[in-house]
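One structure is given here, and the rest of the page talks about it.
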Amino acid sequence: MMLSDDSLSQFINQAEKAVESESCLVVEGRLTRMVGMTLEAVGCSVNIGERCHIETVHGKLEEAEVVGFTMDKIYLMPIGSIRGLGPGARVIPSHRAAEIPVGDMLLGRVLDGQGKPIDGKGPVRCSQTRPLASEPVNPLNRKPVEESLDVGVRSINSILTVGRGQRMGLLAGSGVGKSVLLGMMTRFTEAEVIVVGLIGERGREVKEFIQQILGEEGMKRSVVVAVPADNSPLMRLQGAMSATTIAEYFRDEGKNVLLLMDSLTRFCQAQREVALAIGEPPATKGYPPSVFAMLPQLVERAGNGATGGGSITAFYTVLAEGDDQQDPIVDAARAILDGHLVLSRDLADSAHYPAIDIEGSVSRVINQITTDEHRDAISHLKHLYSTYQQNKDLITVGAYQKGTDPLIDDAIDMMPTIRSFLCQNINEEVHMQESIDTLEQMMN
């Protein structure tokens, strides 16, 4: 039977409305099991990454995210509290993924992992939202790293020069000055916007970082995403992604952004908790393969945008447990980042701050953003420093006789000056050009 054009058009419209109404149906499910922090449910059709609401015995709706499935079962990880959840609880799909508000109104605010303010300054009124999982930037469209970024720290500006759009790791054990160094860069950097992600650290440190390290002036151009260790692993994961999403928004607005994340290790540990809870087998020192898949997905979102656009220069702290530089997360981060700063416990114990080990640290873009004279001065300083460190025991016990080796003699003579150059007070700001000029004059 042939249909007229009008009849055919009417049939298509009715079919589209039927499909639309069918897609809007919310098929509820039921909780069947809970193991650790993982919830199992049946009866609802949802996809990975979507949010669901679960009704408690008190009538409240708690939010959870779909993290896995097996046949007709889905695995959910709660965002907040699990109190009041029981077998048979209603699971109501929202058919939407996690989003956070973005806009200039975020500057000066402190948010949780869902983008909700926790600073008591009222709601955040932003007209835009963005999903936490964004599409990666085409590497061929990225602007190359060609300009240096002044972070206000003499040893970094001069010897480990950082470029706009570079991603650096801050590798260190506990208690050697990671947070203080991040605070110095936050206050002194020339970046237009600063996004700080405090992921999985002690709750006490959040207020200390904001008030004592960041300061009132630093907060004016900063956004802080704080997700302390007592939050759920899913919230810690989303805190890191929220900080990155906010940084991406400001980069797309053409601004130069400094992203500081403390710490990348806690992000990986949160993913390990989620993965093990849904049955993924551990592979490397207890870390499942998904951890090493998510790590580059997060850090590759930072960097330069398209030519003529903004940039995200990122510093990720990586906790070397037991000062082990071969820890799997340390090793993975070192391989995928554009350089790393190693903080030495020996230097910190000798009151050498910032405790940057210039022998173990490297900036992989330094050749693109420095002059020949600058690189020669860096090589000269590192040569003298390394020579002294290699012969330190002989020099200390008096076994070395002056005049035996001219290079060692030069290293001994220059070492007090080099140490003074590498040390810097927490409130002292040293600009890029001043750092380079002092280094070149010292080495010449």
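A note on labels: chains of the structure tokens are A, B, ... as shown, every chain counts residues from 1, and ligands are counted from 1 in their shown order.
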| If we count only C-alpha atoms, what is near Gly177 (chain A) at a cut-off of 8 Å, once residues fewer than 6 positions away on the same chain are taken out, given as a list in words? | Leu343, Ala348, Tyr353, Pro354 and Ala355 of chain A
| message | Please list as an NGL selection string every residue within 7 Å of Leu237 (chain A), counting only C-alpha atoms and excluding residues in the same chain fewer than 3 positions away. | response | :A and (233-234 or 240-241 or 267 or 270-271)
Convert the current residue selection to file output with N, CA, C and O atoms, as an mmCIF file, in the first residue's frame.
```cif
data_model
loop_
_atom_site.group_PDB
_atom_site.id
_atom_site.type_symbol
_atom_site.label_atom_id
_atom_site.label_comp_id
_atom_site.auth_asym_id
_atom_site.auth_seq_id
_atom_site.Cartn_x
_atom_site.Cartn_y
_atom_site.Cartn_z
ATOM 1 N N PRO A 233 35.690 6.924 47.642
ATOM 2 C CA PRO A 233 36.672 6.876 46.549
ATOM 3 C C PRO A 233 36.146 7.495 45.265
ATOM 4 O O PRO A 233 36.915 8.112 44.514
ATOM 5 N N LEU A 234 34.840 7.344 45.011
ATOM 6 C CA LEU A 234 34.280 7.932 43.796
ATOM 7 C C LEU A 234 34.337 9.453 43.852
ATOM 8 O O LEU A 234 34.615 10.112 42.844
ATOM 9 N N ALA A 240 39.364 15.125 41.312
ATOM 10 C CA ALA A 240 40.464 15.351 40.366
ATOM 11 C C ALA A 240 39.931 15.728 38.991
ATOM 12 O O ALA A 240 40.464 16.625 38.322
ATOM 13 N N MET A 241 38.853 15.064 38.565
ATOM 14 C CA MET A 241 38.287 15.368 37.252
ATOM 15 C C MET A 241 37.590 16.727 37.253
ATOM 16 O O MET A 241 37.610 17.441 36.241
ATOM 17 N N PHE A 267 44.464 9.960 43.788
ATOM 18 C CA PHE A 267 43.557 9.698 42.675
ATOM 19 C C PHE A 267 43.686 8.234 42.240
ATOM 20 O O PHE A 267 42.676 7.534 42.031
ATOM 21 N N ALA A 270 42.211 5.891 44.822
ATOM 22 C CA ALA A 270 40.746 5.882 44.760
ATOM 23 C C ALA A 270 40.259 4.975 43.633
ATOM 24 O O ALA A 270 39.316 4.195 43.804
ATOM 25 N N GLN A 271 40.905 5.051 42.470
ATOM 26 C CA GLN A 271 40.526 4.169 41.363
ATOM 27 C C GLN A 271 40.818 2.714 41.704
ATOM 28 O O GLN A 271 40.052 1.819 41.325
#
```
| task | For CA of Gln269 (chain A) and CA of Gly286 (chain A), quote the distance in Å rounded to one decimal. | result | 9.8 Å
| said: Give me the residues near Gln238 (chain A) as a PyMOL selection string, where near means some atom within 9 Å (using only C-alpha atoms) and where sequence neighbours in that chain fewer than 4 positions away do not count. | reply: chain A and resi 98+113-114+132+227+233-234+242-243+267
Sort by chain and increasing residue number a table of all residues of region 75-107 of chain A within 10 Å of region 245-262 of chain A, each with its closest pair of atoms and their distance in Å to one decimal, counting only C-alpha atoms, and write it as CSV.
```
residue,atom,partner,partner_atom,distance
A:Glu99,CA,A:Thr245,CA,9.5
A:Ile100,CA,A:Thr245,CA,8.3
A:Pro101,CA,A:Ile246,CA,8.5
A:Val102,CA,A:Ile246,CA,6.2
A:Gly103,CA,A:Tyr249,CA,7.6
A:Asp104,CA,A:Phe250,CA,8.3
A:Leu106,CA,A:Ile246,CA,8.8
```
With C-alpha atoms kept, could you save the residues just selected as an mmCIF file, in the first residue's frame?
```cif
data_model
loop_
_atom_site.group_PDB
_atom_site.id
_atom_site.type_symbol
_atom_site.label_atom_id
_atom_site.label_comp_id
_atom_site.auth_asym_id
_atom_site.auth_seq_id
_atom_site.Cartn_x
_atom_site.Cartn_y
_atom_site.Cartn_z
ATOM 1 C CA GLU A 99 28.330 17.640 35.430
ATOM 2 C CA ILE A 100 29.708 20.652 37.293
ATOM 3 C CA PRO A 101 29.041 24.400 36.949
ATOM 4 C CA VAL A 102 31.773 26.463 35.272
ATOM 5 C CA GLY A 103 32.262 30.212 34.910
ATOM 6 C CA ASP A 104 34.132 33.230 36.249
ATOM 7 C CA LEU A 106 34.082 30.177 40.576
#
```
Write out as JSON lines the residues of region 120-229 of chain A that have any atom within 12 Å of an atom of region 330-333 of chain A, one row each with the nearest atom pair and its distance in Å to one decimal, counting only C-alpha atoms, sorted by chain and then rising number.
```
{"residue": "A:Arg167", "atom": "CA", "partner": "A:Ala333", "partner_atom": "CA", "distance": 10.2}
{"residue": "A:Met168", "atom": "CA", "partner": "A:Ala333", "partner_atom": "CA", "distance": 9.2}
{"residue": "A:Gly169", "atom": "CA", "partner": "A:Ala333", "partner_atom": "CA", "distance": 7.0}
{"residue": "A:Leu170", "atom": "CA", "partner": "A:Val330", "partner_atom": "CA", "distance": 9.6}
{"residue": "A:Leu171", "atom": "CA", "partner": "A:Val330", "partner_atom": "CA", "distance": 7.1}
{"residue": "A:Ala172", "atom": "CA", "partner": "A:Val330", "partner_atom": "CA", "distance": 9.2}
{"residue": "A:Gly173", "atom": "CA", "partner": "A:Val330", "partner_atom": "CA", "distance": 10.7}
```
| Between CA of Thr313 (chain A) and CA of Gly165 (chain A), what is the distance, to one decimal in Å? | 4.3 Å
| field | Selection: 7 Å around region 291-307 of chain A, only C-alpha atoms, excl. self and same-chain fewer than 3 positions, as a list in words | value |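 Using only C-alpha atoms, the neighbours found are Pro136, Asn141, Arg142, Lys143, Gly165, Gln166, Arg167, Arg251, Cys268, Gln271, Arg272, Tyr287, Pro288, Gly310, Ser311, Ile312, Thr313, Ala314 and Ile336 of chain A.
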For Ile82 (chain A), work out the shell of residues within 9 Å, counting only C-alpha atoms and skipping chain neighbours fewer than 4 positions away, then give it as an mmCIF file with N, CA, C and O atoms, in the first residue's frame.
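In the end it all went to result-v9.cif:
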```cif
data_model
loop_
_atom_site.group_PDB
_atom_site.id
_atom_site.type_symbol
_atom_site.label_atom_id
_atom_site.label_comp_id
_atom_site.auth_asym_id
_atom_site.auth_seq_id
_atom_site.Cartn_x
_atom_site.Cartn_y
_atom_site.Cartn_z
ATOM 1 N N MET A 37 31.950 -1.062 49.662
ATOM 2 C CA MET A 37 31.305 0.168 49.205
ATOM 3 C C MET A 37 30.588 -0.029 47.878
ATOM 4 O O MET A 37 30.162 0.938 47.248
ATOM 5 N N THR A 56 16.469 5.673 50.639
ATOM 6 C CA THR A 56 16.798 5.093 51.939
ATOM 7 C C THR A 56 15.519 4.803 52.721
ATOM 8 O O THR A 56 14.417 5.185 52.314
ATOM 9 N N GLU A 62 19.782 9.087 47.984
ATOM 10 C CA GLU A 62 21.238 9.177 47.942
ATOM 11 C C GLU A 62 21.708 8.906 46.517
ATOM 12 O O GLU A 62 21.163 8.040 45.818
ATOM 13 N N PRO A 78 28.392 4.585 45.810
ATOM 14 C CA PRO A 78 27.698 5.760 46.360
ATOM 15 C C PRO A 78 28.589 7.002 46.352
ATOM 16 O O PRO A 78 29.801 6.914 46.579
#
```
| said: For a quick check of understanding, using only C-alpha atoms, which of A:Ile159, A:Met442, A:Ile194, A:Ile213 has the smallest distance to Leu341 (chain A)? | reply: A:Ile159
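For region 245-288 of chain A, the set of residues given strand (DSSP E) by DSSP on the backbone reads Asn256, Val257, Leu258, Leu259, Leu260, Met261 and Asp262 of chain A.
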Okay, now the selection with N, CA and C atoms, as a PDB file, in the first residue's frame?
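Output file selection22.pdb is given in full below:
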```
ATOM      1  N   ASN A 256      45.689  31.666  30.559  1.00  0.00           N
ATOM      2  CA  ASN A 256      46.790  30.801  30.953  1.00  0.00           C
ATOM      3  C   ASN A 256      46.527  30.320  32.374  1.00  0.00           C
ATOM      4  N   VAL A 257      46.356  29.023  32.547  1.00  0.00           N
ATOM      5  CA  VAL A 257      45.923  28.424  33.805  1.00  0.00           C
ATOM      6  C   VAL A 257      47.066  27.633  34.425  1.00  0.00           C
ATOM      7  N   LEU A 258      47.200  27.740  35.750  1.00  0.00           N
ATOM      8  CA  LEU A 258      48.115  26.883  36.500  1.00  0.00           C
ATOM      9  C   LEU A 258      47.265  25.902  37.299  1.00  0.00           C
ATOM     10  N   LEU A 259      47.413  24.609  36.998  1.00  0.00           N
ATOM     11  CA  LEU A 259      46.666  23.561  37.688  1.00  0.00           C
ATOM     12  C   LEU A 259      47.608  22.855  38.665  1.00  0.00           C
ATOM     13  N   LEU A 260      47.271  22.885  39.944  1.00  0.00           N
ATOM     14  CA  LEU A 260      48.062  22.219  40.985  1.00  0.00           C
ATOM     15  C   LEU A 260      47.204  21.128  41.608  1.00  0.00           C
ATOM     16  N   MET A 261      47.661  19.885  41.523  1.00  0.00           N
ATOM     17  CA  MET A 261      46.883  18.776  42.066  1.00  0.00           C
ATOM     18  C   MET A 261      47.697  18.012  43.101  1.00  0.00           C
ATOM     19  N   ASP A 262      47.147  17.941  44.300  1.00  0.00           N
ATOM     20  CA  ASP A 262      47.800  17.263  45.422  1.00  0.00           C
ATOM     21  C   ASP A 262      46.791  16.270  46.007  1.00  0.00           C
TER      22      ASP A 262
END
```
| What separation in Å, quoted to one decimal, exists between CA of Ser435 (chain A) and CA of Arg154 (chain A)? |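 Distance reported for this atom pair: 5.3 Å.
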| Residue set, region 53-241 of chain A restricted to alpha helix (DSSP H), as a ChimeraX atom specification | /A:154-159,178-188,203-208,215-219,233-241
